[in-house]
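J.: Please read through the structure below; I'll follow up with questions.
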Amino acid sequence: MSVDRTEKPHAVTSEIARVSELAAAPLSLRAAVAEIRAQFPALSRGHDGRPYSYLDGPGGTQVPRRTIEAMTRYLERSNANHEGAFATSEESDAILGEAHAAAADFLGAGGPDEVAFGQNMTTMTFAVSRAIGRTLKPGDEVVVTRLDHDANVAPWLALQEERGVTVRWVGIREADCTLDLTELERVLGPQTRVVAVGLASNAVGTVNPVRQIVAMAHAAGAMTYVDAVHAAPHVPIDVQAFDTDFLVCSPYKFFGPPLGLLYGKPERLEQLASYKVRPATDEGSGKWETGTLPGESIAGVLGTFDYLAWLGREFGGAGAGASRRAALAAAMETIHAAERGLSLAALAALGGVPGLKLRGITDPDRVDERVPTFAFTLAGRSPREVAAELGRAGIAVWDGDYYAYELIRTLGLAETGGMVRVGFVHYNEDSEIDRLAEALRAMAGSLAAPGAGLSAGPDGRTA
Ligand SMILES: Cc1ncc(COP(=O)(O)O)c(C=O)c1O
């Protein structure tokens, strides 16, 4: 193949990558998109003679062949429960142990004991917030944001009733859907015990300055709980660099099977009393893994990490001899850099659709502050109508509020069906952006609404 793999991206040191330094990398990964797509069997699906276009990634991504094969292999050869004195159980335990080690590499954790697998992010967040709640008393405060998915809000709200805890809210700047950090500064105080915040918005794609938020929370004496579910397929995660107390994500959003993945600082995991049965260990992450784990799914996520490590070595400049941790970091750096190109192309294409109003960061100069997840309304059409028409054309997109309740309410869109959401990941192609824009333009045109022209976004730009 003709792709030049000698280009080497520089190390990313912050949650918002210094993508400008990575100018060469996007070309190599984007130029190799056919090779990337060949890794994902689902992407060969057609629809009325055209490829099916998966722009529904924010709700769950497709999985590479390595993941499917790892799941099948587990079920065919190593399917057994934990800690038996026989070959299949030993193999199963080895696979689960390796998956923990790979997850620690992916998140930049200190080791496998700092990560736990569970049913999904929501269930794990309820488990941790209940355990933290045991340590709280009336008057203690928990901070949540209006940009977050409800899974990082509702479990904390429940502590009001259960523990008499006060919940303080951080709002957004409507113009660009970024968190209002002056409000965070205002609500933080000696009573703050927890700050729950997302790394990236699953609705409008904003990436939050998590290191700064963690530093602010720690300065007030609070611990942090970071929801990285939406960020995980797009940006490098380094829990030690973030210095967060907890971080949670969901493998099914980053090319793996349905699962939740929790990181906790060792001292936090140690201190908290989890709700668990007696056989579950009291040490490390084990006490957060209740009951029998889905071995085939955890084997599958190990396949996903193998895929990402391959990508990091092939296209991220990590080199054949790189450690898994280095290869995974390189993969996410190069994915993030390549997605910058997708974001710029999508901003330009959506900006050319009459009557389309895009929310969030629309300024191309600020593309490093977002991931390629876009939410918009189209004049004269409900979000459901737009999604259904795109669906009929073989373009999968979401509509509604995607459980970002407070954001949709703040934007005044709760009563009108929310917004259409399109999400791109590294396996999406530029041609899919063109096809989407063409379909949207046709819809806008068919309305023939007098005066339906470009409408300025809330930050004054048209998109
Ligand atoms: C940002 C964000 N947080 C949390 C969740 C909930 O994740 P899970 O389905 O693993 O519980 C989602 C799911 O859409 C999400 O997008």
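Here's how to read the names in the structure tokens: chain A, B, ... by the order shown, residue numbers from 1 in each chain, ligand numbers from 1 in the order shown.
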Taking the DSSP assignment computed from this structure's backbone, write out as a ChimeraX atom specification all residues of region 133-251 of chain A that belong to alpha helix (DSSP H).
T.: /A:133,154-163,181-187,210-219,239-242
J.: Give me, as an MDAnalysis selection string, the set of residues whose atoms come within 9 Å of any atom of ligand 1, counting only C-alpha atoms and all ligand atoms.
T.: chainID A and resid 58:60 119:125 148:152 198:203 227:231 248:253 258:261 402:404
J.: Would you pick out the contacts of region 157-163 of chain A at 8 Å or less, using only C-alpha atoms, so that residues sharing its chain but fewer than 2 positions from it are not included, and give the list as a list in words?
T.: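 Skipping anything fewer than 2 positions along the chain leaves Arg130, Gly133, Arg134, Leu136, Lys137, Pro138, Val153, Ala154, Pro155, Val165, Thr166 and Val167 of chain A.
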J.: Go ahead and save the picked residues with N, CA, C and O atoms, as a PDB file, in the first residue's frame.
T.:
ATOM      1  N   ARG A 130     -22.757   5.202  45.392  1.00  0.00           N
ATOM      2  CA  ARG A 130     -23.349   4.671  46.637  1.00  0.00           C
ATOM      3  C   ARG A 130     -22.252   4.530  47.701  1.00  0.00           C
ATOM      4  O   ARG A 130     -22.441   4.857  48.865  1.00  0.00           O
ATOM      5  N   GLY A 133     -21.297   7.810  48.883  1.00  0.00           N
ATOM      6  CA  GLY A 133     -22.416   8.332  49.673  1.00  0.00           C
ATOM      7  C   GLY A 133     -22.372   7.873  51.120  1.00  0.00           C
ATOM      8  O   GLY A 133     -22.730   8.627  52.037  1.00  0.00           O
ATOM      9  N   ARG A 134     -21.888   6.652  51.361  1.00  0.00           N
ATOM     10  CA  ARG A 134     -21.784   6.135  52.738  1.00  0.00           C
ATOM     11  C   ARG A 134     -20.914   7.024  53.614  1.00  0.00           C
ATOM     12  O   ARG A 134     -20.995   7.000  54.825  1.00  0.00           O
ATOM     13  N   LEU A 136     -20.710  10.358  53.259  1.00  0.00           N
ATOM     14  CA  LEU A 136     -21.176  11.747  53.257  1.00  0.00           C
ATOM     15  C   LEU A 136     -22.257  11.976  54.302  1.00  0.00           C
ATOM     16  O   LEU A 136     -22.947  11.047  54.734  1.00  0.00           O
ATOM     17  N   LYS A 137     -22.417  13.258  54.663  1.00  0.00           N
ATOM     18  CA  LYS A 137     -23.430  13.619  55.672  1.00  0.00           C
ATOM     19  C   LYS A 137     -24.147  14.886  55.205  1.00  0.00           C
ATOM     20  O   LYS A 137     -23.649  15.588  54.302  1.00  0.00           O
ATOM     21  N   PRO A 138     -25.294  15.196  55.809  1.00  0.00           N
ATOM     22  CA  PRO A 138     -25.995  16.418  55.414  1.00  0.00           C
ATOM     23  C   PRO A 138     -25.068  17.633  55.489  1.00  0.00           C
ATOM     24  O   PRO A 138     -24.277  17.756  56.428  1.00  0.00           O
ATOM     25  N   VAL A 153     -25.036  12.269  36.428  1.00  0.00           N
ATOM     26  CA  VAL A 153     -25.809  13.266  37.170  1.00  0.00           C
ATOM     27  C   VAL A 153     -26.760  12.559  38.142  1.00  0.00           C
ATOM     28  O   VAL A 153     -26.686  12.749  39.364  1.00  0.00           O
ATOM     29  N   ALA A 154     -27.638  11.712  37.585  1.00  0.00           N
ATOM     30  CA  ALA A 154     -28.676  11.080  38.411  1.00  0.00           C
ATOM     31  C   ALA A 154     -28.116  10.307  39.615  1.00  0.00           C
ATOM     32  O   ALA A 154     -28.679  10.412  40.720  1.00  0.00           O
ATOM     33  N   PRO A 155     -27.020   9.539  39.469  1.00  0.00           N
ATOM     34  CA  PRO A 155     -26.516   8.818  40.651  1.00  0.00           C
ATOM     35  C   PRO A 155     -26.103   9.766  41.772  1.00  0.00           C
ATOM     36  O   PRO A 155     -26.196   9.413  42.954  1.00  0.00           O
ATOM     37  N   VAL A 165     -27.347  15.220  51.125  1.00  0.00           N
ATOM     38  CA  VAL A 165     -26.246  15.963  50.495  1.00  0.00           C
ATOM     39  C   VAL A 165     -26.823  17.078  49.624  1.00  0.00           C
ATOM     40  O   VAL A 165     -27.907  16.939  49.068  1.00  0.00           O
ATOM     41  N   THR A 166     -26.121  18.192  49.505  1.00  0.00           N
ATOM     42  CA  THR A 166     -26.560  19.287  48.622  1.00  0.00           C
ATOM     43  C   THR A 166     -25.862  19.153  47.269  1.00  0.00           C
ATOM     44  O   THR A 166     -24.646  18.968  47.224  1.00  0.00           O
ATOM     45  N   VAL A 167     -26.667  19.234  46.200  1.00  0.00           N
ATOM     46  CA  VAL A 167     -26.081  19.166  44.856  1.00  0.00           C
ATOM     47  C   VAL A 167     -25.949  20.577  44.307  1.00  0.00           C
ATOM     48  O   VAL A 167     -26.883  21.368  44.351  1.00  0.00           O
TER      49      VAL A 167
END
J.: Wanna dump the region 102-164 of chain A-region 216-225 of chain A contacts at 10 Å for me, each residue with its shortest atom pair and the distance in Å to one decimal, counting only C-alpha atoms, ordered by chain and number, as JSON lines?
T.:
{"residue": "A:Thr125", "atom": "CA", "partner": "A:Tyr225", "partner_atom": "CA", "distance": 8.9}
{"residue": "A:Val128", "atom": "CA", "partner": "A:Tyr225", "partner_atom": "CA", "distance": 9.4}
{"residue": "A:Ser129", "atom": "CA", "partner": "A:Tyr225", "partner_atom": "CA", "distance": 9.2}
{"residue": "A:Glu141", "atom": "CA", "partner": "A:Ala222", "partner_atom": "CA", "distance": 9.3}
{"residue": "A:Val142", "atom": "CA", "partner": "A:Ala222", "partner_atom": "CA", "distance": 8.7}
{"residue": "A:Val143", "atom": "CA", "partner": "A:Thr224", "partner_atom": "CA", "distance": 9.5}
{"residue": "A:Val144", "atom": "CA", "partner": "A:Tyr225", "partner_atom": "CA", "distance": 9.8}
{"residue": "A:Asn152", "atom": "CA", "partner": "A:Tyr225", "partner_atom": "CA", "distance": 8.4}
J.: Taking all heavy atoms for each residue, export the selection above as a PDB file, in the first residue's frame.
T.:
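The resulting file, again_28.pdb, is shown below:
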ATOM      1  N   THR A 125     -21.182   3.562  37.985  1.00  0.00           N
ATOM      2  CA  THR A 125     -21.273   4.877  38.631  1.00  0.00           C
ATOM      3  C   THR A 125     -22.228   4.814  39.819  1.00  0.00           C
ATOM      4  O   THR A 125     -21.970   5.431  40.866  1.00  0.00           O
ATOM      5  CB  THR A 125     -21.708   5.939  37.601  1.00  0.00           C
ATOM      6  OG1 THR A 125     -20.728   5.956  36.561  1.00  0.00           O
ATOM      7  CG2 THR A 125     -21.808   7.325  38.219  1.00  0.00           C
ATOM      8  N   VAL A 128     -20.152   3.188  42.643  1.00  0.00           N
ATOM      9  CA  VAL A 128     -19.150   4.056  43.288  1.00  0.00           C
ATOM     10  C   VAL A 128     -19.837   5.198  44.046  1.00  0.00           C
ATOM     11  O   VAL A 128     -19.446   5.542  45.166  1.00  0.00           O
ATOM     12  CB  VAL A 128     -18.147   4.606  42.242  1.00  0.00           C
ATOM     13  CG1 VAL A 128     -17.180   5.594  42.880  1.00  0.00           C
ATOM     14  CG2 VAL A 128     -17.367   3.466  41.611  1.00  0.00           C
ATOM     15  N   SER A 129     -20.877   5.774  43.450  1.00  0.00           N
ATOM     16  CA  SER A 129     -21.536   6.908  44.121  1.00  0.00           C
ATOM     17  C   SER A 129     -22.244   6.440  45.403  1.00  0.00           C
ATOM     18  O   SER A 129     -22.301   7.184  46.380  1.00  0.00           O
ATOM     19  CB  SER A 129     -22.518   7.620  43.184  1.00  0.00           C
ATOM     20  OG  SER A 129     -23.473   6.722  42.693  1.00  0.00           O
ATOM     21  N   GLU A 141     -21.384  18.651  49.968  1.00  0.00           N
ATOM     22  CA  GLU A 141     -21.855  19.062  48.644  1.00  0.00           C
ATOM     23  C   GLU A 141     -21.207  18.246  47.524  1.00  0.00           C
ATOM     24  O   GLU A 141     -20.035  17.866  47.622  1.00  0.00           O
ATOM     25  CB  GLU A 141     -21.552  20.555  48.426  1.00  0.00           C
ATOM     26  CG  GLU A 141     -22.322  21.425  49.400  1.00  0.00           C
ATOM     27  CD  GLU A 141     -22.111  22.917  49.180  1.00  0.00           C
ATOM     28  OE1 GLU A 141     -21.346  23.295  48.265  1.00  0.00           O
ATOM     29  OE2 GLU A 141     -22.742  23.688  49.934  1.00  0.00           O
ATOM     30  N   VAL A 142     -22.005  18.010  46.490  1.00  0.00           N
ATOM     31  CA  VAL A 142     -21.529  17.316  45.286  1.00  0.00           C
ATOM     32  C   VAL A 142     -21.805  18.235  44.107  1.00  0.00           C
ATOM     33  O   VAL A 142     -22.886  18.813  44.005  1.00  0.00           O
ATOM     34  CB  VAL A 142     -22.266  15.973  45.107  1.00  0.00           C
ATOM     35  CG1 VAL A 142     -21.893  15.330  43.785  1.00  0.00           C
ATOM     36  CG2 VAL A 142     -21.952  15.031  46.261  1.00  0.00           C
ATOM     37  N   VAL A 143     -20.839  18.371  43.218  1.00  0.00           N
ATOM     38  CA  VAL A 143     -20.990  19.261  42.056  1.00  0.00           C
ATOM     39  C   VAL A 143     -21.223  18.419  40.798  1.00  0.00           C
ATOM     40  O   VAL A 143     -20.472  17.467  40.534  1.00  0.00           O
ATOM     41  CB  VAL A 143     -19.723  20.135  41.881  1.00  0.00           C
ATOM     42  CG1 VAL A 143     -19.818  20.968  40.601  1.00  0.00           C
ATOM     43  CG2 VAL A 143     -19.518  21.028  43.094  1.00  0.00           C
ATOM     44  N   VAL A 144     -22.271  18.763  40.049  1.00  0.00           N
ATOM     45  CA  VAL A 144     -22.545  18.117  38.752  1.00  0.00           C
ATOM     46  C   VAL A 144     -22.685  19.222  37.697  1.00  0.00           C
ATOM     47  O   VAL A 144     -22.782  20.395  38.053  1.00  0.00           O
ATOM     48  CB  VAL A 144     -23.829  17.259  38.795  1.00  0.00           C
ATOM     49  CG1 VAL A 144     -23.687  16.109  39.771  1.00  0.00           C
ATOM     50  CG2 VAL A 144     -25.050  18.110  39.150  1.00  0.00           C
ATOM     51  N   ASN A 152     -23.957  10.550  34.696  1.00  0.00           N
ATOM     52  CA  ASN A 152     -23.015  11.170  35.642  1.00  0.00           C
ATOM     53  C   ASN A 152     -23.709  12.301  36.419  1.00  0.00           C
ATOM     54  O   ASN A 152     -23.044  13.178  36.968  1.00  0.00           O
ATOM     55  CB  ASN A 152     -21.773  11.713  34.926  1.00  0.00           C
ATOM     56  CG  ASN A 152     -20.576  11.869  35.875  1.00  0.00           C
ATOM     57  OD1 ASN A 152     -20.491  11.185  36.898  1.00  0.00           O
ATOM     58  ND2 ASN A 152     -19.673  12.774  35.528  1.00  0.00           N
TER      59      ASN A 152
END
J.: Which residues come within 10 Å of region 175-183 of chain A, counting only C-alpha atoms, excluding same-chain residues fewer than 2 positions away, as a PyMOL selection string?
T.: chain A and resi 145-148+168-173+185-188+197+201+203-209+212-213+216+358-363+369-370+407+410-411+457-461
J.: From the options A:Gly256, A:Glu267, A:Leu107, A:Gly97, which residue's atoms come nearest to Gly300 (chain A), counting only C-alpha atoms?
T.: A:Gly256
J.: What's the separation between CA of Val353 (chain A) and CA of Arg435 (chain A), in Å to one decimal place?
T.: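 Pair CA of Val353 (chain A) / CA of Arg435 (chain A) returns 12.1 Å.
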J.: Give me, as a list of chain:residue names, the residues of region 98-145 of chain A that a backbone DSSP run labels strand (DSSP E).
T.: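 Reading the DSSP output for region 98-145 of chain A, strand (DSSP E) covers A:Val115, A:Ala116, A:Phe117, A:Gly118, A:Glu141, A:Val142, A:Val143, A:Val144, A:Thr145.
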J.: Could you list, with a cut-off of 12 Å and counting only C-alpha atoms, the residues of region 329-393 of chain A near region 33-37 of chain A, each shown with its nearest atom pair and the distance in Å rounded to one decimal, rows sorted by chain and ascending number, as JSON lines?
T.:
{"residue": "A:Ile335", "atom": "CA", "partner": "A:Val33", "partner_atom": "CA", "distance": 11.1}
{"residue": "A:Ala338", "atom": "CA", "partner": "A:Val33", "partner_atom": "CA", "distance": 10.2}
{"residue": "A:Glu339", "atom": "CA", "partner": "A:Val33", "partner_atom": "CA", "distance": 11.6}
{"residue": "A:Leu342", "atom": "CA", "partner": "A:Val33", "partner_atom": "CA", "distance": 11.9}
J.: Using N, CA and C atoms, can you export the residues from the last selection as a compact mmCIF listing (two decimals), in the first residue's frame?
T.:
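Listed below is the output, result25.txt:
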# COMPACT_ATOMS: atom_id res chain seq x y z
N ILE A 335 -5.45 8.87 16.12
CA ILE A 335 -6.90 8.93 15.88
C ILE A 335 -7.39 10.36 16.12
N ALA A 338 -6.31 12.61 13.33
CA ALA A 338 -7.05 12.36 12.09
C ALA A 338 -8.47 12.91 12.19
N GLU A 339 -9.06 12.79 13.36
CA GLU A 339 -10.44 13.26 13.53
C GLU A 339 -10.54 14.78 13.44
N LEU A 342 -11.65 15.32 10.09
CA LEU A 342 -13.07 15.02 9.94
C LEU A 342 -13.92 16.16 10.49
